[in-house]
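Structure file final-v2.txt (compact mmCIF, C-alpha atoms) follows.
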```txt
# COMPACT_ATOMS: atom_id res chain seq x y z
CA MET S 1 158.50 -80.74 -6.77
CA THR S 2 159.62 -79.57 -10.20
CA LYS S 3 161.40 -81.68 -12.78
CA ASN S 4 163.01 -79.75 -15.61
CA ILE S 5 162.41 -81.58 -18.90
CA TYR S 6 163.81 -79.03 -21.34
CA THR S 7 165.42 -75.60 -21.25
CA GLY S 8 164.81 -73.81 -24.53
CA ILE S 9 165.25 -70.41 -26.14
CA ILE S 10 161.65 -69.24 -25.77
CA VAL S 11 160.18 -71.73 -23.31
CA ASN S 12 161.20 -74.23 -20.66
CA LEU S 13 159.20 -77.39 -20.02
CA ASN S 14 158.76 -78.64 -16.47
CA VAL S 15 156.74 -81.43 -14.93
CA ASP S 16 155.51 -80.25 -11.53
CA THR S 17 154.16 -82.61 -8.88
CA VAL S 18 151.26 -80.69 -7.38
CA THR S 19 148.76 -81.36 -4.61
CA LEU S 20 145.44 -79.88 -5.74
CA PRO S 21 143.05 -78.11 -3.32
CA ASN S 22 140.94 -81.32 -3.26
CA GLY S 23 143.91 -83.32 -1.93
CA LEU S 24 144.73 -85.20 -5.14
CA THR S 25 148.42 -85.22 -6.11
CA VAL S 26 149.12 -85.05 -9.86
CA ASP S 27 151.99 -84.47 -12.26
CA LEU S 28 151.37 -81.43 -14.47
CA GLU S 29 153.26 -80.31 -17.55
CA VAL S 30 154.03 -76.60 -17.29
CA VAL S 31 155.51 -74.57 -20.13
CA ARG S 32 157.41 -71.73 -18.45
CA HIS S 33 157.46 -68.51 -20.46
CA PRO S 34 159.04 -65.15 -19.51
CA GLY S 35 155.83 -63.23 -20.30
CA ALA S 36 155.27 -60.62 -22.96
CA SER S 37 153.78 -57.24 -23.77
CA ALA S 38 151.47 -56.41 -26.67
CA VAL S 39 150.18 -53.09 -27.97
CA VAL S 40 147.09 -51.85 -29.82
CA PRO S 41 148.59 -48.84 -31.66
CA MET S 42 145.90 -46.28 -32.41
CA LYS S 43 146.42 -43.16 -34.52
CA ASP S 44 144.56 -39.93 -33.82
CA ASP S 45 142.10 -40.65 -36.67
CA GLY S 46 141.09 -44.04 -35.19
CA THR S 47 143.26 -46.16 -37.47
CA VAL S 48 144.90 -49.17 -35.82
CA ILE S 49 148.27 -50.54 -36.92
CA LEU S 50 148.49 -54.32 -37.14
CA ILE S 51 151.13 -56.70 -38.41
CA ARG S 52 150.81 -59.75 -40.62
CA GLN S 53 153.47 -62.08 -39.28
CA PHE S 54 154.80 -65.51 -40.20
CA ARG S 55 154.11 -67.95 -37.37
CA HIS S 56 155.34 -71.47 -37.91
CA ALA S 57 153.17 -72.89 -35.10
CA ALA S 58 150.08 -71.35 -36.72
CA GLY S 59 150.97 -72.70 -40.15
CA GLY S 60 151.63 -69.39 -41.95
CA PHE S 61 151.01 -65.66 -41.80
CA ILE S 62 148.50 -64.37 -39.25
CA TYR S 63 147.28 -60.92 -38.21
CA GLU S 64 148.50 -59.72 -34.84
CA ILE S 65 149.08 -56.60 -32.82
CA PRO S 66 152.77 -55.75 -32.18
CA ALA S 67 154.13 -57.80 -29.28
CA GLY S 68 157.24 -59.37 -27.86
CA LYS S 69 158.75 -61.21 -24.93
CA LEU S 70 159.89 -59.45 -21.78
CA HIS S 71 163.65 -59.16 -21.43
CA PRO S 72 164.96 -60.33 -18.03
CA GLY S 73 163.86 -57.80 -15.40
CA GLU S 74 162.13 -55.57 -17.97
CA ASP S 75 159.07 -53.56 -16.95
CA PRO S 76 156.10 -54.63 -19.11
CA ILE S 77 155.37 -51.04 -20.16
CA ALA S 78 158.99 -50.55 -21.30
CA CYS S 79 158.70 -53.80 -23.26
CA ALA S 80 155.50 -52.53 -24.89
CA ALA S 81 157.21 -49.27 -25.94
CA ARG S 82 160.26 -51.12 -27.24
CA GLU S 83 158.30 -53.67 -29.27
CA LEU S 84 156.06 -50.93 -30.70
CA GLU S 85 159.07 -49.13 -32.15
CA GLU S 86 161.03 -52.25 -33.17
CA GLU S 87 158.13 -53.98 -34.93
CA ILE S 88 156.22 -51.13 -36.59
CA GLY S 89 158.47 -48.07 -36.21
CA TYR S 90 156.30 -45.92 -33.95
CA ARG S 91 156.82 -44.27 -30.59
CA SER S 92 153.91 -43.72 -28.25
CA GLY S 93 152.98 -40.61 -26.25
CA ARG S 94 150.76 -42.69 -23.95
CA LEU S 95 150.52 -46.37 -23.05
CA GLU S 96 147.44 -47.47 -21.11
CA LEU S 97 147.16 -51.02 -19.69
CA LEU S 98 144.04 -52.82 -20.94
CA SER S 99 144.51 -56.33 -19.52
CA SER S 100 147.13 -58.81 -18.33
CA ILE S 101 145.94 -62.12 -19.72
CA PHE S 102 146.78 -65.79 -19.22
CA THR S 103 147.09 -67.13 -22.76
CA ALA S 104 146.65 -70.83 -21.95
CA PRO S 105 146.53 -71.45 -18.17
CA GLY S 106 145.95 -75.18 -18.64
CA PHE S 107 149.60 -75.70 -19.53
CA THR S 108 151.61 -72.45 -19.45
CA ASP S 109 152.32 -69.60 -17.02
CA GLU S 110 152.59 -67.08 -19.87
CA VAL S 111 151.05 -63.67 -19.12
CA ILE S 112 150.70 -61.02 -21.82
CA HIS S 113 150.28 -57.41 -20.76
CA ILE S 114 148.16 -55.63 -23.38
CA TYR S 115 148.37 -51.85 -23.80
CA LYS S 116 146.62 -49.23 -25.89
CA ALA S 117 149.12 -46.82 -27.46
CA THR S 118 148.11 -43.31 -28.50
CA GLY S 119 149.97 -40.11 -29.39
CA LEU S 120 151.99 -42.03 -31.99
CA THR S 121 155.00 -40.45 -33.65
CA LYS S 122 157.36 -41.93 -36.24
CA GLY S 123 160.35 -43.84 -34.87
CA ARG S 124 162.60 -46.47 -36.40
CA GLN S 125 161.59 -50.04 -37.22
CA GLN S 126 164.27 -52.63 -36.36
CA LEU S 127 163.18 -56.21 -36.98
CA ASP S 128 165.05 -59.24 -35.68
CA ARG S 129 166.32 -61.49 -38.46
CA ASP S 130 163.73 -64.14 -37.60
CA GLU S 131 160.79 -61.71 -37.64
CA VAL S 132 158.98 -61.87 -40.97
CA LEU S 133 156.12 -59.41 -41.04
CA GLU S 134 154.40 -56.58 -42.87
CA VAL S 135 152.69 -53.58 -41.28
CA ILE S 136 149.00 -53.10 -42.11
CA GLU S 137 146.78 -50.16 -41.18
CA MET S 138 143.00 -50.32 -41.01
CA SER S 139 140.11 -48.71 -39.16
CA LEU S 140 139.29 -50.14 -35.74
CA LEU S 141 135.85 -51.14 -37.05
CA GLU S 142 137.44 -53.01 -39.93
CA ALA S 143 139.60 -54.94 -37.44
CA ILE S 144 136.49 -55.82 -35.42
CA ARG S 145 134.76 -57.06 -38.59
CA MET S 146 137.83 -59.20 -39.37
CA ILE S 147 137.59 -60.79 -35.91
CA GLU S 148 133.90 -61.57 -36.49
CA ALA S 149 134.74 -63.02 -39.92
CA GLY S 150 137.47 -65.24 -38.46
CA SER S 151 140.33 -63.48 -40.29
CA ILE S 152 141.97 -62.21 -37.08
CA ARG S 153 142.45 -65.27 -34.83
CA ASP S 154 145.27 -64.38 -32.42
CA ALA S 155 144.01 -64.30 -28.83
CA LYS S 156 145.98 -61.30 -27.49
CA SER S 157 145.11 -59.28 -30.61
CA ILE S 158 141.38 -60.04 -30.32
CA VAL S 159 141.37 -59.19 -26.59
CA GLY S 160 143.16 -55.88 -27.21
CA LEU S 161 141.14 -54.78 -30.22
CA GLN S 162 137.78 -55.74 -28.65
CA ALA S 163 138.72 -53.95 -25.41
CA VAL S 164 139.62 -50.74 -27.26
CA TYR S 165 136.42 -50.95 -29.33
CA LEU S 166 134.20 -51.60 -26.28
CA ARG S 167 135.71 -48.62 -24.46
CA LYS S 168 135.10 -46.48 -27.54
CA ILE S 169 131.44 -47.36 -28.08
CA THR S 170 130.30 -47.59 -24.46
CA ARG S 171 131.83 -44.38 -23.06
CA MET Q 1 162.64 -81.52 -39.70
CA THR Q 2 161.00 -82.21 -36.36
CA LYS Q 3 162.78 -83.44 -33.26
CA ASN Q 4 160.54 -84.77 -30.52
CA ILE Q 5 161.77 -83.57 -27.14
CA TYR Q 6 158.95 -84.78 -24.92
CA THR Q 7 155.67 -86.63 -25.25
CA GLY Q 8 153.37 -85.67 -22.41
CA ILE Q 9 149.79 -86.12 -21.25
CA ILE Q 10 148.50 -82.70 -22.35
CA VAL Q 11 151.26 -81.44 -24.63
CA ASN Q 12 154.20 -82.64 -26.69
CA LEU Q 13 157.31 -80.54 -27.16
CA ASN Q 14 159.07 -80.53 -30.52
CA VAL Q 15 161.98 -78.55 -31.92
CA ASP Q 16 161.28 -77.92 -35.62
CA THR Q 17 163.96 -76.82 -38.06
CA VAL Q 18 162.15 -74.30 -40.26
CA THR Q 19 163.14 -72.19 -43.27
CA LEU Q 20 161.33 -68.87 -42.88
CA PRO Q 21 159.83 -66.98 -45.88
CA ASN Q 22 162.91 -64.69 -45.80
CA GLY Q 23 165.26 -67.66 -46.35
CA LEU Q 24 166.62 -67.86 -42.79
CA THR Q 25 166.68 -71.35 -41.27
CA VAL Q 26 165.96 -71.50 -37.54
CA ASP Q 27 165.15 -74.03 -34.82
CA LEU Q 28 161.78 -73.32 -33.20
CA GLU Q 29 160.28 -74.82 -30.06
CA VAL Q 30 156.70 -75.88 -30.75
CA VAL Q 31 154.33 -77.09 -28.05
CA ARG Q 32 151.87 -79.40 -29.81
CA HIS Q 33 148.38 -79.40 -28.31
CA PRO Q 34 145.29 -81.35 -29.47
CA GLY Q 35 143.12 -78.20 -29.49
CA ALA Q 36 140.11 -77.44 -27.36
CA SER Q 37 136.57 -76.10 -27.29
CA ALA Q 38 135.18 -73.46 -24.94
CA VAL Q 39 131.65 -72.24 -24.35
CA VAL Q 40 129.98 -69.02 -23.20
CA PRO Q 41 126.81 -70.45 -21.61
CA MET Q 42 124.03 -67.85 -21.67
CA LYS Q 43 120.67 -68.29 -19.99
CA ASP Q 44 117.48 -66.77 -21.42
CA ASP Q 45 117.62 -63.89 -18.92
CA GLY Q 46 121.16 -62.85 -20.04
CA THR Q 47 123.00 -64.51 -17.15
CA VAL Q 48 126.31 -66.16 -18.08
CA ILE Q 49 127.66 -69.21 -16.28
CA LEU Q 50 131.37 -69.13 -15.48
CA ILE Q 51 133.63 -71.38 -13.48
CA ARG Q 52 136.29 -70.51 -10.93
CA GLN Q 53 138.92 -73.17 -11.48
CA PHE Q 54 142.22 -74.10 -9.86
CA ARG Q 55 145.03 -73.66 -12.39
CA HIS Q 56 148.48 -74.53 -11.15
CA ALA Q 57 150.22 -72.70 -14.03
CA ALA Q 58 148.28 -69.53 -13.16
CA GLY Q 59 149.14 -69.81 -9.46
CA GLY Q 60 145.64 -70.43 -8.09
CA PHE Q 61 141.94 -70.10 -8.89
CA ILE Q 62 140.93 -68.12 -11.96
CA TYR Q 63 137.63 -67.30 -13.67
CA GLU Q 64 137.03 -69.08 -16.94
CA ILE Q 65 134.30 -70.19 -19.28
CA PRO Q 66 133.75 -73.98 -19.45
CA ALA Q 67 136.30 -75.60 -21.78
CA GLY Q 68 138.23 -78.74 -22.45
CA LYS Q 69 140.56 -80.54 -24.81
CA LEU Q 70 139.36 -82.27 -27.97
CA HIS Q 71 139.32 -86.05 -27.76
CA PRO Q 72 141.07 -87.75 -30.71
CA GLY Q 73 138.93 -87.22 -33.82
CA GLU Q 74 136.25 -85.31 -31.91
CA ASP Q 75 134.26 -82.58 -33.67
CA PRO Q 76 134.83 -79.25 -31.85
CA ILE Q 77 131.09 -78.64 -31.47
CA ALA Q 78 130.63 -82.09 -29.87
CA CYS Q 79 133.50 -81.28 -27.52
CA ALA Q 80 131.85 -77.98 -26.61
CA ALA Q 81 128.55 -79.74 -25.80
CA ARG Q 82 130.34 -82.43 -23.79
CA GLU Q 83 132.41 -80.01 -21.72
CA LEU Q 84 129.39 -77.79 -21.08
CA GLU Q 85 127.55 -80.68 -19.46
CA GLU Q 86 130.56 -82.24 -17.70
CA GLU Q 87 131.85 -78.98 -16.18
CA ILE Q 88 128.68 -77.07 -15.28
CA GLY Q 89 125.84 -79.57 -15.75
CA TYR Q 90 123.95 -77.91 -18.59
CA ARG Q 91 122.86 -79.04 -22.05
CA SER Q 92 122.54 -76.54 -24.85
CA GLY Q 93 119.77 -76.15 -27.42
CA ARG Q 94 122.03 -74.13 -29.71
CA LEU Q 95 125.80 -73.78 -30.08
CA GLU Q 96 127.05 -70.93 -32.29
CA LEU Q 97 130.75 -70.63 -33.21
CA LEU Q 98 132.18 -67.23 -32.22
CA SER Q 99 135.89 -67.65 -33.02
CA SER Q 100 138.64 -70.24 -33.42
CA ILE Q 101 141.63 -68.62 -31.76
CA PHE Q 102 145.37 -69.24 -31.58
CA THR Q 103 146.16 -68.93 -27.88
CA ALA Q 104 149.92 -68.34 -28.18
CA PRO Q 105 151.11 -68.73 -31.81
CA GLY Q 106 154.69 -67.83 -30.89
CA PHE Q 107 155.23 -71.26 -29.38
CA THR Q 108 152.14 -73.48 -29.63
CA ASP Q 109 149.74 -74.74 -32.30
CA GLU Q 110 146.84 -74.79 -29.85
CA VAL Q 111 143.52 -73.63 -31.33
CA ILE Q 112 140.46 -73.08 -29.12
CA HIS Q 113 137.03 -73.08 -30.74
CA ILE Q 114 134.76 -70.74 -28.79
CA TYR Q 115 130.99 -71.15 -28.90
CA LYS Q 116 128.00 -69.30 -27.52
CA ALA Q 117 125.50 -71.72 -25.93
CA THR Q 118 121.83 -70.82 -25.59
CA GLY Q 119 118.62 -72.75 -24.90
CA LEU Q 120 120.20 -74.22 -21.76
CA THR Q 121 118.54 -77.07 -19.90
CA LYS Q 122 119.71 -78.90 -16.78
CA GLY Q 123 121.96 -81.91 -17.37
CA ARG Q 124 124.42 -83.73 -15.14
CA GLN Q 125 127.78 -82.36 -13.98
CA GLN Q 126 130.59 -84.94 -14.04
CA LEU Q 127 133.96 -83.51 -13.07
CA ASP Q 128 137.26 -85.30 -13.62
CA ARG Q 129 139.12 -86.00 -10.37
CA ASP Q 130 141.73 -83.38 -11.23
CA GLU Q 131 139.17 -80.65 -12.00
CA VAL Q 132 138.71 -78.37 -9.00
CA LEU Q 133 136.13 -75.71 -9.74
CA GLU Q 134 132.99 -73.96 -8.62
CA VAL Q 135 130.19 -72.72 -10.88
CA ILE Q 136 129.40 -69.00 -10.73
CA GLU Q 137 126.54 -67.15 -12.40
CA MET Q 138 126.54 -63.44 -13.13
CA SER Q 139 125.10 -60.98 -15.63
CA LEU Q 140 127.00 -60.57 -18.90
CA LEU Q 141 127.61 -56.90 -18.02
CA GLU Q 142 129.10 -57.91 -14.68
CA ALA Q 143 131.49 -60.27 -16.49
CA ILE Q 144 132.51 -57.44 -18.84
CA ARG Q 145 133.16 -55.18 -15.83
CA MET Q 146 135.30 -57.93 -14.26
CA ILE Q 147 137.39 -58.10 -17.45
CA GLU Q 148 137.89 -54.32 -17.35
CA ALA Q 149 138.82 -54.53 -13.65
CA GLY Q 150 141.38 -57.27 -14.32
CA SER Q 151 139.50 -59.94 -12.35
CA ILE Q 152 138.83 -62.13 -15.41
CA ARG Q 153 142.19 -62.73 -17.08
CA ASP Q 154 141.86 -65.92 -19.12
CA ALA Q 155 142.29 -65.21 -22.85
CA LYS Q 156 139.62 -67.57 -24.27
CA SER Q 157 137.10 -66.41 -21.66
CA ILE Q 158 137.70 -62.72 -22.42
CA VAL Q 159 137.47 -63.30 -26.18
CA GLY Q 160 134.19 -65.20 -25.81
CA LEU Q 161 132.53 -62.85 -23.32
CA GLN Q 162 133.55 -59.69 -25.24
CA ALA Q 163 132.32 -61.22 -28.52
CA VAL Q 164 128.91 -62.08 -27.04
CA TYR Q 165 128.61 -58.61 -25.49
CA LEU Q 166 129.63 -56.83 -28.73
CA ARG Q 167 127.04 -58.80 -30.70
CA LYS Q 168 124.43 -57.92 -28.10
CA ILE Q 169 125.01 -54.16 -28.01
CA THR Q 170 125.73 -53.56 -31.70
CA ARG Q 171 122.90 -55.54 -33.30
```
For the file at hand, write its structure as structure tokens.
Amino acid sequence: MTKNIYTGIIVNLNVDTVTLPNGLTVDLEVVRHPGASAVVPMKDDGTVILIRQFRHAAGGFIYEIPAGKLHPGEDPIACAARELEEEIGYRSGRLELLSSIFTAPGFTDEVIHIYKATGLTKGRQQLDRDEVLEVIEMSLLEAIRMIEAGSIRDAKSIVGLQAVYLRKITR
Amino acid sequence: MTKNIYTGIIVNLNVDTVTLPNGLTVDLEVVRHPGASAVVPMKDDGTVILIRQFRHAAGGFIYEIPAGKLHPGEDPIACAARELEEEIGYRSGRLELLSSIFTAPGFTDEVIHIYKATGLTKGRQQLDRDEVLEVIEMSLLEAIRMIEAGSIRDAKSIVGLQAVYLRKITR
């Protein structure tokens, strides 16, 4: 049984009555999210393109990879291509799926599909009015060092950057 | 301005009226979460100890590292030690902070503090009634391969396992 608590712009909140595999019946809060795609944009010289974005819930500006919510019925790879161009103004010759992650499976069904983008060419940046961000380029190794130093703290961004780096150094 | 929509057991839902750095004022849904700690438990022989846990929001059982919510006022490292023993029945000689990540900064303030645990000794597992999980041991490399294959999909677990593996192969 699902009880809808709130229908919002980004998320809905439900309380689901669930019988667990051990037989116990519990009420669980579930934040329903449409899902999202995220992209590690990598230039031919190994530079990655990040954004530094204002996130109210995180208390200020944080480093992230370009990302955005799936439109209704949208294919995750199309969403990745769209967000890449809208947020940083690049088109991609190739998008390769790295992972589809659960961000916080204790309370939300959100899945983020993370791609590596290569073969980048200039497109046209088109930010939404509520997107406040700057585009920042750095070497992949520098990004990895920033994760280790605690300067990059966004989960999807860390997963994507570490996955790209691991593939690079172990193959 | 904050409007409380719902006060739950795990999360609260607020709608905050926020003036962005570009001057635009918007209403933003914010899921407030107490924060959590997570642990990559590593035995002396390089084996990692994971759990396979039932997660309603993720639609079934998923692989994770041991983790749990902070109690009110609890130090994250104490939470990590507590959850390590409660969920898998091990005590740790050493807990090293790897990262403090934002799981989904677009809509929640949740931060997870991820530790590497070494010097493991047997303690006593004590599961909550609503925790349905089995403990699974594998080599760190096997866990990395399961991330690449899409079998491990939980964000905090991927961040922690990749970080431990990167430190191991690059130092």
Output chain Q, superimposed onto chain S using in-order Cα pairs, as a short mmCIF file (atom, residue, chain, number, x, y, z; two decimals) with C-alpha atoms, in the frame of the given file:
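Result went into result00.cif, see below:
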```
data_model
loop_
_atom_site.label_atom_id
_atom_site.label_comp_id
_atom_site.auth_asym_id
_atom_site.auth_seq_id
_atom_site.Cartn_x
_atom_site.Cartn_y
_atom_site.Cartn_z
CA MET Q 1 158.48 -80.74 -6.79
CA THR Q 2 159.61 -79.56 -10.21
CA LYS Q 3 161.39 -81.68 -12.78
CA ASN Q 4 163.02 -79.77 -15.61
CA ILE Q 5 162.42 -81.57 -18.90
CA TYR Q 6 163.82 -79.02 -21.33
CA THR Q 7 165.43 -75.61 -21.25
CA GLY Q 8 164.82 -73.82 -24.52
CA ILE Q 9 165.26 -70.43 -26.14
CA ILE Q 10 161.65 -69.24 -25.77
CA VAL Q 11 160.19 -71.72 -23.30
CA ASN Q 12 161.20 -74.24 -20.65
CA LEU Q 13 159.21 -77.39 -20.02
CA ASN Q 14 158.76 -78.63 -16.46
CA VAL Q 15 156.74 -81.44 -14.93
CA ASP Q 16 155.50 -80.26 -11.52
CA THR Q 17 154.17 -82.62 -8.88
CA VAL Q 18 151.25 -80.70 -7.38
CA THR Q 19 148.75 -81.39 -4.60
CA LEU Q 20 145.44 -79.90 -5.75
CA PRO Q 21 143.04 -78.12 -3.33
CA ASN Q 22 140.94 -81.34 -3.26
CA GLY Q 23 143.90 -83.36 -1.92
CA LEU Q 24 144.72 -85.21 -5.16
CA THR Q 25 148.41 -85.24 -6.12
CA VAL Q 26 149.10 -85.06 -9.86
CA ASP Q 27 151.98 -84.48 -12.27
CA LEU Q 28 151.37 -81.44 -14.48
CA GLU Q 29 153.26 -80.31 -17.56
CA VAL Q 30 154.02 -76.60 -17.29
CA VAL Q 31 155.52 -74.57 -20.12
CA ARG Q 32 157.40 -71.72 -18.44
CA HIS Q 33 157.46 -68.49 -20.45
CA PRO Q 34 159.05 -65.13 -19.51
CA GLY Q 35 155.83 -63.22 -20.29
CA ALA Q 36 155.27 -60.62 -22.95
CA SER Q 37 153.78 -57.23 -23.77
CA ALA Q 38 151.47 -56.40 -26.67
CA VAL Q 39 150.19 -53.09 -27.98
CA VAL Q 40 147.11 -51.84 -29.83
CA PRO Q 41 148.61 -48.84 -31.67
CA MET Q 42 145.90 -46.28 -32.42
CA LYS Q 43 146.43 -43.18 -34.52
CA ASP Q 44 144.54 -39.94 -33.85
CA ASP Q 45 142.10 -40.65 -36.69
CA GLY Q 46 141.08 -44.05 -35.20
CA THR Q 47 143.26 -46.17 -37.49
CA VAL Q 48 144.90 -49.18 -35.82
CA ILE Q 49 148.26 -50.55 -36.92
CA LEU Q 50 148.49 -54.34 -37.14
CA ILE Q 51 151.13 -56.69 -38.41
CA ARG Q 52 150.81 -59.75 -40.62
CA GLN Q 53 153.47 -62.08 -39.28
CA PHE Q 54 154.81 -65.50 -40.21
CA ARG Q 55 154.12 -67.93 -37.37
CA HIS Q 56 155.34 -71.46 -37.91
CA ALA Q 57 153.17 -72.88 -35.10
CA ALA Q 58 150.09 -71.33 -36.71
CA GLY Q 59 150.98 -72.70 -40.15
CA GLY Q 60 151.63 -69.40 -41.95
CA PHE Q 61 151.00 -65.66 -41.79
CA ILE Q 62 148.52 -64.36 -39.24
CA TYR Q 63 147.28 -60.91 -38.20
CA GLU Q 64 148.49 -59.71 -34.84
CA ILE Q 65 149.09 -56.59 -32.82
CA PRO Q 66 152.77 -55.75 -32.18
CA ALA Q 67 154.13 -57.81 -29.27
CA GLY Q 68 157.22 -59.38 -27.85
CA LYS Q 69 158.75 -61.21 -24.92
CA LEU Q 70 159.90 -59.43 -21.77
CA HIS Q 71 163.66 -59.15 -21.42
CA PRO Q 72 164.96 -60.32 -18.02
CA GLY Q 73 163.85 -57.79 -15.39
CA GLU Q 74 162.13 -55.57 -17.96
CA ASP Q 75 159.06 -53.55 -16.95
CA PRO Q 76 156.09 -54.62 -19.13
CA ILE Q 77 155.36 -51.03 -20.17
CA ALA Q 78 158.99 -50.56 -21.30
CA CYS Q 79 158.70 -53.79 -23.26
CA ALA Q 80 155.51 -52.54 -24.89
CA ALA Q 81 157.21 -49.27 -25.94
CA ARG Q 82 160.26 -51.14 -27.23
CA GLU Q 83 158.30 -53.66 -29.29
CA LEU Q 84 156.06 -50.93 -30.71
CA GLU Q 85 159.07 -49.14 -32.15
CA GLU Q 86 161.04 -52.26 -33.17
CA GLU Q 87 158.12 -53.99 -34.94
CA ILE Q 88 156.22 -51.13 -36.59
CA GLY Q 89 158.47 -48.08 -36.21
CA TYR Q 90 156.30 -45.92 -33.97
CA ARG Q 91 156.82 -44.26 -30.59
CA SER Q 92 153.90 -43.71 -28.27
CA GLY Q 93 152.98 -40.63 -26.25
CA ARG Q 94 150.74 -42.68 -23.96
CA LEU Q 95 150.52 -46.37 -23.06
CA GLU Q 96 147.43 -47.48 -21.13
CA LEU Q 97 147.17 -51.02 -19.70
CA LEU Q 98 144.04 -52.82 -20.94
CA SER Q 99 144.52 -56.34 -19.52
CA SER Q 100 147.15 -58.80 -18.32
CA ILE Q 101 145.95 -62.11 -19.71
CA PHE Q 102 146.78 -65.78 -19.22
CA THR Q 103 147.09 -67.13 -22.75
CA ALA Q 104 146.65 -70.84 -21.96
CA PRO Q 105 146.53 -71.45 -18.17
CA GLY Q 106 145.96 -75.18 -18.65
CA PHE Q 107 149.61 -75.69 -19.53
CA THR Q 108 151.60 -72.44 -19.45
CA ASP Q 109 152.31 -69.59 -17.03
CA GLU Q 110 152.60 -67.08 -19.86
CA VAL Q 111 151.06 -63.68 -19.10
CA ILE Q 112 150.71 -61.02 -21.82
CA HIS Q 113 150.29 -57.40 -20.77
CA ILE Q 114 148.17 -55.62 -23.37
CA TYR Q 115 148.37 -51.85 -23.79
CA LYS Q 116 146.61 -49.24 -25.88
CA ALA Q 117 149.12 -46.83 -27.47
CA THR Q 118 148.10 -43.32 -28.50
CA GLY Q 119 149.96 -40.12 -29.39
CA LEU Q 120 151.98 -42.03 -32.00
CA THR Q 121 155.00 -40.45 -33.65
CA LYS Q 122 157.35 -41.93 -36.25
CA GLY Q 123 160.33 -43.85 -34.88
CA ARG Q 124 162.60 -46.47 -36.41
CA GLN Q 125 161.60 -50.05 -37.22
CA GLN Q 126 164.27 -52.63 -36.35
CA LEU Q 127 163.18 -56.20 -36.98
CA ASP Q 128 165.02 -59.24 -35.67
CA ARG Q 129 166.31 -61.50 -38.45
CA ASP Q 130 163.72 -64.14 -37.59
CA GLU Q 131 160.78 -61.70 -37.63
CA VAL Q 132 158.98 -61.85 -40.97
CA LEU Q 133 156.11 -59.39 -41.04
CA GLU Q 134 154.41 -56.59 -42.88
CA VAL Q 135 152.69 -53.58 -41.29
CA ILE Q 136 149.00 -53.10 -42.11
CA GLU Q 137 146.78 -50.17 -41.19
CA MET Q 138 143.00 -50.33 -41.02
CA SER Q 139 140.11 -48.72 -39.16
CA LEU Q 140 139.29 -50.15 -35.73
CA LEU Q 141 135.84 -51.15 -37.04
CA GLU Q 142 137.43 -53.03 -39.92
CA ALA Q 143 139.60 -54.95 -37.43
CA ILE Q 144 136.49 -55.82 -35.39
CA ARG Q 145 134.76 -57.07 -38.57
CA MET Q 146 137.83 -59.21 -39.36
CA ILE Q 147 137.60 -60.79 -35.90
CA GLU Q 148 133.91 -61.57 -36.47
CA ALA Q 149 134.74 -63.02 -39.91
CA GLY Q 150 137.47 -65.24 -38.45
CA SER Q 151 140.32 -63.48 -40.28
CA ILE Q 152 141.97 -62.22 -37.07
CA ARG Q 153 142.46 -65.24 -34.83
CA ASP Q 154 145.28 -64.39 -32.42
CA ALA Q 155 144.01 -64.32 -28.82
CA LYS Q 156 145.99 -61.30 -27.50
CA SER Q 157 145.13 -59.28 -30.61
CA ILE Q 158 141.40 -60.03 -30.32
CA VAL Q 159 141.37 -59.21 -26.59
CA GLY Q 160 143.14 -55.89 -27.19
CA LEU Q 161 141.13 -54.79 -30.22
CA GLN Q 162 137.76 -55.75 -28.65
CA ALA Q 163 138.70 -53.94 -25.41
CA VAL Q 164 139.61 -50.73 -27.26
CA TYR Q 165 136.41 -50.91 -29.33
CA LEU Q 166 134.20 -51.58 -26.27
CA ARG Q 167 135.71 -48.59 -24.46
CA LYS Q 168 135.12 -46.46 -27.54
CA ILE Q 169 131.45 -47.32 -28.09
CA THR Q 170 130.32 -47.53 -24.46
CA ARG Q 171 131.88 -44.36 -23.04
#
```
Choose the residue, out of S:Val135, S:Val11, S:Ile65, S:Ile101, that has the smallest atom-to-atom separation from Q:Glu29; count all atoms listed in the file. S:Val11
Selected residue of minimal separation from Q:Leu97 among S:Met138, S:Ala149, S:Ile158, S:Leu120, counting all atoms listed in the file: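 Among the listed residues, the smallest separation from Q:Leu97 belongs to S:Ala149.
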Would you give me, as a PyMOL selection string, the residues of chain Q that come within 8 Å of chain S, using all atoms listed in the file? chain Q and resi 5-6+8-11+18+20-22+24+26+29-30+54-58+98-109+129-130+132+147-148+150+153-156+158-159+162-163+166
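Pairwise distance (atom CA of Q:Ser139, atom CA of Q:Thr121) equals 17.9 Å.
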Which value, in Å to one decimal, gives the distance between atom CA of Q:Lys43 and atom CA of S:Lys168?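 We find that atom CA of Q:Lys43 and atom CA of S:Lys168 lie 27.2 Å from each other.
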